[in-house]
Amino acid sequence: MAAAADCGTGAGSTGSIGAAACKNNVTSFQRKGPRASGTDSGCSRLVSIAGTRPSVRNGQLLVSTGLPALDQLLGGGLAVGTVLLIEEDKYNTYSSLLFKFFLAEGIINGHTLLVASAKEDPADILQELPAPLLDDNCKKDFDEDVCNHKTPDSNIKMKIAWRYQLLPKMESGPVSSSRFGHYYDASKRMPQELIEESKWHGFFFPEKLSSTLTTEPRSLTGGYRKLLQFIQNVIYEEGFDGSNPQKKQKNILRIGIQNLGSPLWGDDICCTENCDNSHSLTKFLYVLRGLLRTSLSACIITMPTHLIQNKAVISRVTNLSDTVVGLESFTGSGRETNPLYKDYHGLIHIRQIPRLNNLIYDVSDVKDLAFKLKRKLFTIECITKLTSYGTQGQKYLLPGHLQRKFAINKNRYFRTLHNLNKTY
């Protein structure tokens, strides 16, 4: 503190020397308060980028996936510089919705978009983005959506062991105006003026396909090679890589790739088990992740993994992705008529969560996750697989991991459950 006093009060040559020392020395004392924004690029921080926040675990910069409940499952959001792989459901209904949530979140926060598809024109995809629920109407619309989907027996209270009555539930609706990410109305489309004001790049593979395009053996297919060149050009030319800093305020590049690995991209991994281009997809992911690691960008990829016949390819794709989320729809399956899942439309599986700067992957603490699409909102909830057991006209519900113990000594469990329900 004495040095600081000398710098402020010194005069003449002594004062000039002290002032020079103050400029050159770095101390641990920082003046509290907001920093002056912006003009000096050396003082700017990544935290100041709109629509981002640092991770409480490792300080990694995060962006929202467009679904706050999914952000919560992934440790706060999607890390910048990483790849999120979504395993598509059977009919590609709900995975495409998550894909559009990610893009819609980018438009709301003013991020630059890069949309790539071999099935739909990127311009058509943007026209189908859901409308945001702003803070003024968010709570009202959420409450209305919940009231319209109450079941007649929703007020019936089941007898459950008391220690499982306090199981935490996933965040399914708005809780505060300071939340990270936004909620979207799946029944409405985003206003056209927001789309027109946004900056985006589109890659529609049928338009990029050339009749003279040839592919070398054991090389990338034509679709993957052109897509990598397109992504690389956008990252380098617009300064997202850091080597050519952005002249204006720093921004995030959101990359969305739809139906990667399907035959529409010229890949044959979904057609046969012993495919000729089995390494094209893994090479593409390897190079793509290298581009993302050194850039201000985040990528989401949807892939029809249920069509890939070679399980070794799925394992390699998982290892080359940072975050992997699988969607299992009940449509057309036996679970659609199962009373246990009557309030849901499918299951969501958190396959892999990145533990950055480490050699191992993180594991989600929350299991048995289900999703449902209401009239407006797409929600994720934590469920517990329950099985009913009863004696003398009384029925009790037990979580799945206790069913084996229960079968060993049913009488003891019945007495315990009866006493607990009678007490509480």
# chains A, B, ... in the order shown; residues from 1 in each chain; ligands from 1

call {"tool": "residues_around", "arguments": {"residues": "stretch 99-113 of chain A", "least_positions_apart": "2", "cutoff": "10 Å", "atoms": "only C-alpha atoms", "output": "count of residues only"}}
result
55

call {"tool": "residues_around", "arguments": {"residues": "A:Gln60", "least_positions_apart": "3", "cutoff": "7 Å", "atoms": "only C-alpha atoms", "output": "list in words"}}
result
Pro54, Ser55 and Ala79 of chain A

call {"tool": "closest_residue", "arguments": {"among": "A:Leu61, A:Cys382, A:Leu356, A:Val83", "to": "A:Leu320", "atoms": "only C-alpha atoms"}}
result
A:Val83

call {"tool": "select_by_dssp", "arguments": {"residues": "stretch 209-371 of chain A", "states": "strand (DSSP E or B)", "output": "NGL selection string"}}
result
:A and (253-257 or 297-303 or 323-329 or 346-353 or 362 or 369-371)

call {"tool": "atom_distance", "arguments": {"atom1": "atom CA of A:Gly223", "atom2": "atom CA of A:Arg289"}}
result
17.2 Å

call {"tool": "closest_residue", "arguments": {"among": "A:Leu327, A:Ser278, A:Tyr344, A:Leu291", "to": "A:Lys311", "atoms": "only C-alpha atoms"}}
result
A:Ser278
